[in-house]
Structures are given as structure tokens and as C-alpha cells.
file entry37.txt (compact mmCIF, N, CA and C atoms)
# COMPACT_ATOMS: atom_id res chain seq x y z
N MET A 1 81.97 72.10 85.04
CA MET A 1 83.22 72.59 84.53
C MET A 1 83.13 74.09 84.29
N ASN A 2 84.19 74.79 84.58
CA ASN A 2 84.27 76.22 84.26
C ASN A 2 84.96 76.37 82.92
N ILE A 3 84.26 77.02 82.00
CA ILE A 3 84.77 77.17 80.63
C ILE A 3 84.93 78.65 80.32
N LEU A 4 86.13 79.02 79.85
CA LEU A 4 86.36 80.36 79.33
C LEU A 4 86.21 80.27 77.81
N PHE A 5 85.21 80.96 77.28
CA PHE A 5 84.91 80.93 75.85
C PHE A 5 85.31 82.27 75.25
N ILE A 6 86.33 82.25 74.38
CA ILE A 6 86.86 83.48 73.80
C ILE A 6 86.49 83.53 72.32
N GLU A 7 85.55 84.41 72.00
CA GLU A 7 84.99 84.48 70.64
C GLU A 7 84.44 85.86 70.40
N ASP A 8 84.79 86.47 69.26
CA ASP A 8 84.31 87.82 68.95
C ASP A 8 82.99 87.83 68.20
N ASP A 9 82.56 86.71 67.67
CA ASP A 9 81.35 86.63 66.85
C ASP A 9 80.15 86.23 67.72
N ALA A 10 79.15 87.12 67.78
CA ALA A 10 77.97 86.87 68.63
C ALA A 10 77.20 85.63 68.18
N ILE A 11 77.17 85.35 66.90
CA ILE A 11 76.44 84.17 66.40
C ILE A 11 77.14 82.90 66.86
N GLU A 12 78.47 82.89 66.81
CA GLU A 12 79.23 81.72 67.29
C GLU A 12 79.01 81.50 68.78
N THR A 13 78.95 82.59 69.53
CA THR A 13 78.70 82.50 70.97
C THR A 13 77.31 81.92 71.22
N MET A 14 76.33 82.38 70.47
CA MET A 14 74.97 81.87 70.60
C MET A 14 74.93 80.37 70.27
N LYS A 15 75.61 79.95 69.21
CA LYS A 15 75.65 78.53 68.85
C LYS A 15 76.26 77.70 69.97
N PHE A 16 77.34 78.19 70.56
CA PHE A 16 78.01 77.48 71.63
C PHE A 16 77.08 77.32 72.84
N LYS A 17 76.43 78.40 73.24
CA LYS A 17 75.52 78.35 74.39
C LYS A 17 74.35 77.41 74.12
N ARG A 18 73.82 77.45 72.92
CA ARG A 18 72.70 76.58 72.57
C ARG A 18 73.14 75.11 72.61
N THR A 19 74.33 74.83 72.15
CA THR A 19 74.86 73.46 72.16
C THR A 19 75.03 72.98 73.60
N LEU A 20 75.63 73.80 74.45
CA LEU A 20 75.83 73.39 75.84
C LEU A 20 74.53 73.23 76.60
N ALA A 21 73.53 74.03 76.24
CA ALA A 21 72.23 73.93 76.91
C ALA A 21 71.58 72.57 76.68
N LYS A 22 71.94 71.88 75.61
CA LYS A 22 71.37 70.57 75.31
C LYS A 22 71.95 69.46 76.18
N LEU A 23 73.07 69.75 76.84
CA LEU A 23 73.66 68.76 77.74
C LEU A 23 72.93 68.82 79.08
N ASN A 24 72.91 67.72 79.79
CA ASN A 24 72.21 67.67 81.07
C ASN A 24 73.08 68.13 82.24
N VAL A 25 74.20 68.73 81.94
CA VAL A 25 75.13 69.17 82.96
C VAL A 25 75.25 70.69 82.88
N LYS A 26 75.28 71.32 84.04
CA LYS A 26 75.45 72.78 84.08
C LYS A 26 76.93 73.11 84.10
N HIS A 27 77.37 73.84 83.10
CA HIS A 27 78.74 74.32 83.06
C HIS A 27 78.71 75.83 83.20
N LYS A 28 79.68 76.36 83.91
CA LYS A 28 79.78 77.82 84.03
C LYS A 28 80.58 78.33 82.84
N ILE A 29 79.98 79.22 82.08
CA ILE A 29 80.64 79.78 80.90
C ILE A 29 80.97 81.25 81.19
N THR A 30 82.23 81.58 81.02
CA THR A 30 82.67 82.96 81.09
C THR A 30 83.07 83.35 79.69
N GLU A 31 82.55 84.48 79.23
CA GLU A 31 82.82 84.91 77.86
C GLU A 31 83.83 86.05 77.80
N ALA A 32 84.61 86.04 76.75
CA ALA A 32 85.49 87.16 76.43
C ALA A 32 85.43 87.33 74.91
N LYS A 33 85.45 88.56 74.45
CA LYS A 33 85.32 88.84 73.02
C LYS A 33 86.66 88.88 72.28
N ASN A 34 87.76 88.89 73.03
CA ASN A 34 89.09 88.89 72.41
C ASN A 34 90.12 88.48 73.45
N GLY A 35 91.36 88.35 73.02
CA GLY A 35 92.42 87.91 73.91
C GLY A 35 92.70 88.86 75.05
N GLU A 36 92.62 90.17 74.79
CA GLU A 36 92.85 91.15 75.85
C GLU A 36 91.82 91.01 76.96
N GLU A 37 90.55 90.87 76.56
CA GLU A 37 89.47 90.70 77.53
C GLU A 37 89.67 89.39 78.31
N ALA A 38 90.11 88.36 77.64
CA ALA A 38 90.34 87.06 78.29
C ALA A 38 91.45 87.16 79.34
N LEU A 39 92.51 87.90 79.04
CA LEU A 39 93.58 88.09 80.02
C LEU A 39 93.08 88.85 81.24
N GLU A 40 92.17 89.80 81.04
CA GLU A 40 91.56 90.52 82.15
C GLU A 40 90.74 89.56 83.01
N VAL A 41 89.98 88.68 82.37
CA VAL A 41 89.18 87.69 83.09
C VAL A 41 90.09 86.80 83.92
N LEU A 42 91.17 86.31 83.32
CA LEU A 42 92.09 85.42 84.03
C LEU A 42 92.76 86.13 85.20
N GLY A 43 93.05 87.40 85.04
CA GLY A 43 93.71 88.16 86.09
C GLY A 43 92.79 88.75 87.14
N SER A 44 91.50 88.52 87.01
CA SER A 44 90.52 89.15 87.90
C SER A 44 90.49 88.56 89.31
N GLY A 45 91.12 87.41 89.49
CA GLY A 45 91.10 86.79 90.81
C GLY A 45 89.96 85.81 90.99
N ASP A 46 89.05 85.73 90.03
CA ASP A 46 87.99 84.74 90.08
C ASP A 46 88.59 83.36 89.87
N GLN A 47 87.77 82.34 90.06
CA GLN A 47 88.23 80.97 89.85
C GLN A 47 88.70 80.80 88.41
N LEU A 48 89.83 80.14 88.23
CA LEU A 48 90.34 79.91 86.89
C LEU A 48 89.48 78.90 86.16
N PRO A 49 89.43 78.99 84.83
CA PRO A 49 88.64 78.01 84.07
C PRO A 49 89.30 76.63 84.09
N ASP A 50 88.48 75.61 83.89
CA ASP A 50 88.99 74.25 83.73
C ASP A 50 89.55 74.07 82.33
N ILE A 51 88.86 74.68 81.35
CA ILE A 51 89.32 74.64 79.96
C ILE A 51 89.05 76.01 79.32
N ILE A 52 89.78 76.26 78.24
CA ILE A 52 89.59 77.48 77.46
C ILE A 52 89.28 77.07 76.03
N LEU A 53 88.22 77.61 75.48
CA LEU A 53 87.88 77.43 74.07
C LEU A 53 88.13 78.78 73.40
N LEU A 54 88.96 78.76 72.37
CA LEU A 54 89.53 79.99 71.82
C LEU A 54 89.37 80.08 70.31
N ASP A 55 88.88 81.21 69.83
CA ASP A 55 88.82 81.47 68.39
C ASP A 55 90.21 81.92 67.93
N LEU A 56 90.54 81.62 66.71
CA LEU A 56 91.86 81.99 66.18
C LEU A 56 91.90 83.43 65.69
N ASN A 57 90.91 83.80 64.88
CA ASN A 57 90.90 85.12 64.24
C ASN A 57 89.99 86.07 65.01
N MET A 58 90.62 86.98 65.75
CA MET A 58 89.87 87.96 66.54
C MET A 58 90.54 89.32 66.42
N PRO A 59 89.77 90.39 66.68
CA PRO A 59 90.37 91.73 66.66
C PRO A 59 91.22 91.95 67.91
N ARG A 60 92.05 92.96 67.87
CA ARG A 60 92.91 93.40 68.97
C ARG A 60 94.04 92.43 69.27
N MET A 61 93.71 91.17 69.58
CA MET A 61 94.73 90.18 69.89
C MET A 61 94.25 88.85 69.32
N SER A 62 95.03 88.29 68.42
CA SER A 62 94.62 87.02 67.78
C SER A 62 94.69 85.88 68.79
N GLY A 63 94.11 84.77 68.41
CA GLY A 63 94.17 83.58 69.25
C GLY A 63 95.60 83.12 69.49
N ILE A 64 96.43 83.21 68.47
CA ILE A 64 97.84 82.80 68.62
C ILE A 64 98.58 83.74 69.56
N GLU A 65 98.35 85.03 69.46
CA GLU A 65 98.99 85.99 70.39
C GLU A 65 98.57 85.70 71.83
N PHE A 66 97.27 85.46 72.04
CA PHE A 66 96.77 85.12 73.37
C PHE A 66 97.43 83.83 73.87
N LEU A 67 97.48 82.85 73.01
CA LEU A 67 98.05 81.55 73.37
C LEU A 67 99.51 81.68 73.81
N LYS A 68 100.29 82.49 73.11
CA LYS A 68 101.71 82.70 73.47
C LYS A 68 101.83 83.28 74.87
N ILE A 69 100.99 84.26 75.18
CA ILE A 69 101.03 84.88 76.51
C ILE A 69 100.60 83.87 77.57
N LEU A 70 99.53 83.16 77.29
CA LEU A 70 98.99 82.17 78.24
C LEU A 70 100.02 81.10 78.56
N LYS A 71 100.63 80.52 77.55
CA LYS A 71 101.55 79.40 77.75
C LYS A 71 102.90 79.82 78.30
N ALA A 72 103.21 81.12 78.25
CA ALA A 72 104.46 81.63 78.84
C ALA A 72 104.29 81.93 80.33
N ASP A 73 103.06 81.92 80.81
CA ASP A 73 102.77 82.27 82.20
C ASP A 73 102.75 81.02 83.08
N GLU A 74 103.55 81.01 84.12
CA GLU A 74 103.65 79.85 85.02
C GLU A 74 102.31 79.47 85.64
N HIS A 75 101.47 80.45 85.88
CA HIS A 75 100.18 80.21 86.55
C HIS A 75 99.12 79.65 85.59
N TYR A 76 99.21 79.99 84.31
CA TYR A 76 98.16 79.64 83.35
C TYR A 76 98.54 78.58 82.34
N LYS A 77 99.82 78.25 82.24
CA LYS A 77 100.29 77.41 81.13
C LYS A 77 99.69 76.01 81.10
N TYR A 78 99.19 75.51 82.23
CA TYR A 78 98.62 74.17 82.25
C TYR A 78 97.12 74.15 81.94
N LEU A 79 96.52 75.31 81.72
CA LEU A 79 95.09 75.33 81.38
C LEU A 79 94.90 74.76 79.98
N PRO A 80 94.11 73.70 79.86
CA PRO A 80 93.88 73.13 78.52
C PRO A 80 93.17 74.15 77.63
N THR A 81 93.75 74.38 76.47
CA THR A 81 93.22 75.39 75.56
C THR A 81 92.95 74.74 74.21
N ILE A 82 91.71 74.85 73.77
CA ILE A 82 91.27 74.23 72.52
C ILE A 82 90.93 75.34 71.54
N MET A 83 91.54 75.29 70.36
CA MET A 83 91.29 76.28 69.32
C MET A 83 90.03 75.87 68.55
N LEU A 84 89.08 76.80 68.43
CA LEU A 84 87.89 76.61 67.60
C LEU A 84 87.99 77.62 66.46
N THR A 85 88.10 77.11 65.23
CA THR A 85 88.40 78.03 64.14
C THR A 85 87.84 77.54 62.81
N THR A 86 87.78 78.45 61.87
CA THR A 86 87.44 78.09 60.49
C THR A 86 88.72 77.96 59.66
N SER A 87 89.86 78.29 60.26
CA SER A 87 91.13 78.30 59.52
C SER A 87 91.64 76.88 59.26
N GLN A 88 91.80 76.56 57.99
CA GLN A 88 92.40 75.28 57.61
C GLN A 88 93.86 75.47 57.21
N ASN A 89 94.42 76.61 57.56
CA ASN A 89 95.80 76.94 57.24
C ASN A 89 96.73 76.06 58.07
N ARG A 90 97.52 75.26 57.40
CA ARG A 90 98.42 74.33 58.09
C ARG A 90 99.43 75.06 58.97
N ALA A 91 99.87 76.24 58.56
CA ALA A 91 100.81 77.01 59.37
C ALA A 91 100.18 77.39 60.72
N ASP A 92 98.89 77.78 60.70
CA ASP A 92 98.18 78.09 61.95
C ASP A 92 98.11 76.86 62.84
N LEU A 93 97.74 75.75 62.25
CA LEU A 93 97.62 74.48 62.99
C LEU A 93 98.95 74.13 63.66
N LEU A 94 100.03 74.15 62.90
CA LEU A 94 101.34 73.79 63.44
C LEU A 94 101.80 74.77 64.52
N GLU A 95 101.59 76.05 64.30
CA GLU A 95 101.99 77.05 65.28
C GLU A 95 101.22 76.87 66.60
N CYS A 96 99.94 76.60 66.50
CA CYS A 96 99.14 76.40 67.71
C CYS A 96 99.63 75.19 68.51
N TYR A 97 99.91 74.09 67.82
CA TYR A 97 100.41 72.91 68.53
C TYR A 97 101.82 73.15 69.07
N ARG A 98 102.64 73.90 68.35
CA ARG A 98 103.98 74.21 68.82
C ARG A 98 103.92 74.99 70.13
N ILE A 99 102.98 75.92 70.22
CA ILE A 99 102.84 76.74 71.42
C ILE A 99 102.26 75.93 72.58
N GLY A 100 101.37 75.00 72.27
CA GLY A 100 100.88 74.14 73.34
C GLY A 100 99.37 74.02 73.50
N ILE A 101 98.63 74.03 72.40
CA ILE A 101 97.19 73.82 72.53
C ILE A 101 96.89 72.35 72.82
N ALA A 102 95.69 72.12 73.35
CA ALA A 102 95.24 70.76 73.64
C ALA A 102 94.42 70.20 72.49
N GLY A 103 93.97 71.04 71.58
CA GLY A 103 93.19 70.58 70.44
C GLY A 103 92.93 71.70 69.45
N TYR A 104 92.66 71.31 68.21
CA TYR A 104 92.40 72.26 67.12
C TYR A 104 91.16 71.76 66.41
N ILE A 105 90.05 72.42 66.62
CA ILE A 105 88.76 71.98 66.09
C ILE A 105 88.30 72.94 65.00
N LEU A 106 88.04 72.38 63.81
CA LEU A 106 87.49 73.19 62.73
C LEU A 106 85.99 73.34 62.92
N LYS A 107 85.51 74.59 62.84
CA LYS A 107 84.08 74.84 62.97
C LYS A 107 83.40 74.49 61.65
N PRO A 108 82.50 73.50 61.69
CA PRO A 108 81.78 73.18 60.45
C PRO A 108 80.72 74.24 60.15
N LEU A 109 80.30 74.30 58.90
CA LEU A 109 79.28 75.27 58.51
C LEU A 109 77.89 74.85 59.00
N LYS A 110 77.60 73.55 58.97
CA LYS A 110 76.28 73.08 59.39
C LYS A 110 76.20 73.02 60.91
N TYR A 111 75.11 73.56 61.47
CA TYR A 111 74.96 73.60 62.92
C TYR A 111 74.98 72.20 63.53
N GLU A 112 74.35 71.25 62.89
CA GLU A 112 74.29 69.88 63.43
C GLU A 112 75.69 69.30 63.59
N GLU A 113 76.56 69.55 62.63
CA GLU A 113 77.94 69.06 62.72
C GLU A 113 78.72 69.81 63.80
N TYR A 114 78.47 71.11 63.91
CA TYR A 114 79.09 71.91 64.97
C TYR A 114 78.71 71.36 66.33
N GLU A 115 77.43 71.15 66.50
CA GLU A 115 76.91 70.63 67.77
C GLU A 115 77.54 69.28 68.12
N GLU A 116 77.60 68.40 67.15
CA GLU A 116 78.18 67.07 67.35
C GLU A 116 79.65 67.17 67.81
N LYS A 117 80.43 68.00 67.14
CA LYS A 117 81.84 68.18 67.49
C LYS A 117 82.00 68.75 68.90
N LEU A 118 81.24 69.81 69.18
CA LEU A 118 81.39 70.48 70.48
C LEU A 118 80.95 69.60 71.64
N ILE A 119 79.93 68.82 71.44
CA ILE A 119 79.49 67.90 72.50
C ILE A 119 80.59 66.87 72.78
N LYS A 120 81.24 66.37 71.75
CA LYS A 120 82.35 65.43 71.94
C LYS A 120 83.50 66.09 72.71
N VAL A 121 83.82 67.32 72.35
CA VAL A 121 84.90 68.03 73.03
C VAL A 121 84.57 68.21 74.52
N VAL A 122 83.37 68.66 74.81
CA VAL A 122 82.97 68.89 76.21
C VAL A 122 82.96 67.58 76.98
N HIS A 123 82.40 66.53 76.39
CA HIS A 123 82.38 65.22 77.07
C HIS A 123 83.79 64.73 77.36
N TYR A 124 84.70 64.91 76.43
CA TYR A 124 86.08 64.49 76.65
C TYR A 124 86.66 65.19 77.88
N TRP A 125 86.49 66.50 77.96
CA TRP A 125 87.09 67.25 79.07
C TRP A 125 86.34 67.03 80.37
N GLU A 126 85.08 66.61 80.32
CA GLU A 126 84.35 66.28 81.55
C GLU A 126 84.97 65.07 82.26
N VAL A 127 85.52 64.13 81.49
CA VAL A 127 86.07 62.91 82.09
C VAL A 127 87.59 62.98 82.25
N SER A 128 88.22 64.01 81.77
CA SER A 128 89.67 64.16 81.89
C SER A 128 90.04 64.69 83.27
N GLU A 129 91.19 64.25 83.76
CA GLU A 129 91.74 64.79 84.99
C GLU A 129 92.34 66.15 84.66
N LEU A 130 91.83 67.18 85.28
CA LEU A 130 92.28 68.53 84.97
C LEU A 130 93.22 69.05 86.04
N VAL A 131 94.25 69.72 85.62
CA VAL A 131 95.21 70.33 86.55
C VAL A 131 94.64 71.68 86.96
N LYS A 132 94.45 71.86 88.23
CA LYS A 132 93.96 73.16 88.72
C LYS A 132 95.16 74.07 88.92
N ALA A 133 95.11 75.23 88.28
CA ALA A 133 96.25 76.17 88.36
C ALA A 133 96.33 76.78 89.75
call {"tool": "encode", "arguments": {"input": "entry37.txt", "output": "C-alpha cells"}}
result
Amino acid sequence: MNILFIEDDAIETMKFKRTLAKLNVKHKITEAKNGEEALEVLGSGDQLPDIILLDLNMPRMSGIEFLKILKADEHYKYLPTIMLTTSQNRADLLECYRIGIAGYILKPLKYEEYEEKLIKVVHYWEVSELVKA
């Protein structure tokens, strides 16, 4: 699976890579540090991601701002986008689902719980029929 991972925190990126390394499947991970960088990646002409994992709180362009642009675009709107966040703000949750996310995952503080959640998310999308943009 091709995964676009949008996260500004280097420690979170390291945790994600370490978690995926434990799986016996090779996934291609493309990283972006914010929404602007992610839009550049999407517009680069490279193969589109199968899924997007997106942080909510980022500099320059928030996850919600990125999501609005993504879902308004005919070419990108069907890309499954999963929010990975520490925000338990119900307004954020509702706004993300209103715009069209595929999931809203709270990042736990303990690494073991983080790993468990992320492995479930990846396994789910490995068996899902994905729409290629």
C-alpha cells in the first residue's frame, strides 16, 4: 500500500515508521510535514497514495484546512483520509467527519497502545477495496 503520512512531529513520524516496520508487509511511505507539503506531493505526478494518514494540528496549514482542499478536488476526494490526533475536541471530530474523513484516531500516550491502534488501521485498509484516483 502507498501511504501518505502527514505529520509535523519527528517523534510521531519515528513511532509510525517503527510500528509499520513490525508488519511483515512492505508499504511505501511518503512523508509530508504539513498540508502545503502534502499538496505538493499529491500534485507531483507520482503515484497517488492508497490512504492518507493526517495530523490535525500542524503549522502553515491545519489538517482540517488540508482536508477541505483535498475533498473539494475531483481527483483526490476519494482518497481515504484518516485523522491521527491528540485532539478530543468534539467540534474537530464533527467537522472532520462532515468534510469526509474515513476515520478519526486518537493517538494514545503509551507506545504499545499507539502501535496496537495503528496496526489495526493498516490491516483494515490492506483488506479494503480502494478506489484508485
call {"tool": "residues_around", "arguments": {"input": "entry37.txt", "residues": "range 87-93 of chain A", "least_positions_apart": "2", "cutoff": "9 Å", "atoms": "only C-alpha atoms", "output": "MDAnalysis selection string"}}
result
chainID A and resid 56:57 64 84:85 95:98 104 106:107
call {"tool": "closest_residue", "arguments": {"input": "entry37.txt", "among": "A:Asp50, A:Asp55, A:Glu116, A:Glu36", "to": "Thr13 in chain A", "atoms": "only C-alpha atoms"}}
result
A:Asp55
call {"tool": "atom_distance", "arguments": {"input": "entry37.txt", "atom1": "CA of Lys71 in chain A", "atom2": "CA of Lys15 in chain A"}}
result
27.4 Å
call {"tool": "select_by_dssp", "arguments": {"input": "entry37.txt", "residues": "chain A", "states": "strand (DSSP E)", "output": "JSON, numbers by chain"}}
result
{"A": [2, 3, 4, 5, 6, 28, 29, 30, 31, 32, 51, 52, 53, 54, 55, 81, 82, 83, 84, 85, 103, 104, 105, 106]}
call {"tool": "axis_aligned_box", "arguments": {"input": "entry37.txt", "around": "range 115-121 of chain A", "padding_each_side": "4 Å", "output": "JSON"}}
result
{"center_x": 80.9, "center_y": 68.3, "center_z": 70.5, "size_x": 16.0, "size_y": 13.7, "size_z": 16.0}
call {"tool": "residues_near_point", "arguments": {"input": "entry37.txt", "point": "(82.5, 76.4, 89.0)", "cutoff": "6.5 Å", "atoms": "all atoms listed in the file", "output": "VMD selection string"}}
result
chain A and resid 1 to 2 28
call {"tool": "select_by_dssp", "arguments": {"input": "entry37.txt", "residues": "chain A", "states": "alpha helix (DSSP H)", "output": "ChimeraX atom specification"}}
result
/A:10-21,35-42,63-72,90-99,111-127
call {"tool": "atom_distance", "arguments": {"input": "entry37.txt", "atom1": "CA of Phe5 in chain A", "atom2": "atom N of Ile29 in chain A"}}
result
8.1 Å
call {"tool": "closest_residue", "arguments": {"input": "entry37.txt", "among": "A:Thr30, A:Ser128, A:Ser62, A:Thr86", "to": "Ile105 in chain A", "atoms": "all atoms listed in the file"}}
result
A:Thr86
call {"tool": "atom_distance", "arguments": {"input": "entry37.txt", "atom1": "CA of Lys33 in chain A", "atom2": "CA of Val127 in chain A"}}
result
27.5 Å
call {"tool": "closest_residue", "arguments": {"input": "entry37.txt", "among": "A:Leu118, A:Asp9, A:Leu42, A:Ile82", "to": "Leu54 in chain A", "atoms": "all atoms listed in the file"}}
result
A:Ile82
call {"tool": "closest_residue", "arguments": {"input": "entry37.txt", "among": "A:Ile6, A:Ile69, A:Ile11, A:Ile52", "to": "Glu37 in chain A", "atoms": "only N, CA and C atoms"}}
result
A:Ile6
call {"tool": "closest_residue", "arguments": {"input": "entry37.txt", "among": "A:Leu53, A:Leu67, A:Val122, A:Ala102", "to": "Glu7 in chain A", "atoms": "all atoms listed in the file"}}
result
A:Leu53
call {"tool": "decode", "arguments": {"input": "entry37.txt", "residues": "range 91-103 of chain A", "atoms": "N, CA, C and O atoms", "output": "JSON list (two decimals), in the first residue's frame"}}
result
[["chain", "number", "residue", "atom", "x", "y", "z"],
["A", 91, "ALA", "N", -15.89, 19.31, 18.43],
["A", 91, "ALA", "CA", -16.08, 20.15, 17.24],
["A", 91, "ALA", "C", -15.13, 19.72, 16.12],
["A", 91, "ALA", "O", -15.52, 19.68, 14.95],
["A", 92, "ASP", "N", -13.87, 19.40, 16.47],
["A", 92, "ASP", "CA", -12.91, 18.92, 15.47],
["A", 92, "ASP", "C", -13.39, 17.61, 14.87],
["A", 92, "ASP", "O", -13.38, 17.42, 13.65],
["A", 93, "LEU", "N", -13.81, 16.70, 15.73],
["A", 93, "LEU", "CA", -14.29, 15.39, 15.29],
["A", 93, "LEU", "C", -15.45, 15.55, 14.30],
["A", 93, "LEU", "O", -15.44, 14.97, 13.20],
["A", 94, "LEU", "N", -16.45, 16.34, 14.67],
["A", 94, "LEU", "CA", -17.62, 16.53, 13.82],
["A", 94, "LEU", "C", -17.26, 17.21, 12.50],
["A", 94, "LEU", "O", -17.76, 16.82, 11.44],
["A", 95, "GLU", "N", -16.41, 18.21, 12.56],
["A", 95, "GLU", "CA", -16.01, 18.91, 11.34],
["A", 95, "GLU", "C", -15.26, 17.98, 10.39],
["A", 95, "GLU", "O", -15.49, 18.00, 9.18],
["A", 96, "CYS", "N", -14.39, 17.15, 10.92],
["A", 96, "CYS", "CA", -13.65, 16.21, 10.08],
["A", 96, "CYS", "C", -14.58, 15.22, 9.38],
["A", 96, "CYS", "O", -14.45, 14.96, 8.19],
["A", 97, "TYR", "N", -15.54, 14.69, 10.12],
["A", 97, "TYR", "CA", -16.49, 13.76, 9.50],
["A", 97, "TYR", "C", -17.41, 14.48, 8.52],
["A", 97, "TYR", "O", -17.76, 13.92, 7.48],
["A", 98, "ARG", "N", -17.77, 15.72, 8.81],
["A", 98, "ARG", "CA", -18.61, 16.49, 7.89],
["A", 98, "ARG", "C", -17.90, 16.68, 6.55],
["A", 98, "ARG", "O", -18.49, 16.56, 5.48],
["A", 99, "ILE", "N", -16.60, 16.94, 6.61],
["A", 99, "ILE", "CA", -15.82, 17.17, 5.39],
["A", 99, "ILE", "C", -15.61, 15.86, 4.63],
["A", 99, "ILE", "O", -15.58, 15.86, 3.40],
["A", 100, "GLY", "N", -15.46, 14.76, 5.36],
["A", 100, "GLY", "CA", -15.36, 13.48, 4.65],
["A", 100, "GLY", "C", -14.18, 12.59, 5.00],
["A", 100, "GLY", "O", -13.67, 11.89, 4.14],
["A", 101, "ILE", "N", -13.76, 12.58, 6.26],
["A", 101, "ILE", "CA", -12.69, 11.65, 6.62],
["A", 101, "ILE", "C", -13.22, 10.23, 6.70],
["A", 101, "ILE", "O", -14.41, 9.99, 6.84],
["A", 102, "ALA", "N", -12.29, 9.28, 6.62],
["A", 102, "ALA", "CA", -12.62, 7.86, 6.71],
["A", 102, "ALA", "C", -12.48, 7.36, 8.14],
["A", 102, "ALA", "O", -12.96, 6.28, 8.47],
["A", 103, "GLY", "N", -11.80, 8.11, 8.99],
["A", 103, "GLY", "CA", -11.61, 7.70, 10.38],
["A", 103, "GLY", "C", -10.95, 8.79, 11.20],
["A", 103, "GLY", "O", -10.27, 9.66, 10.65]]
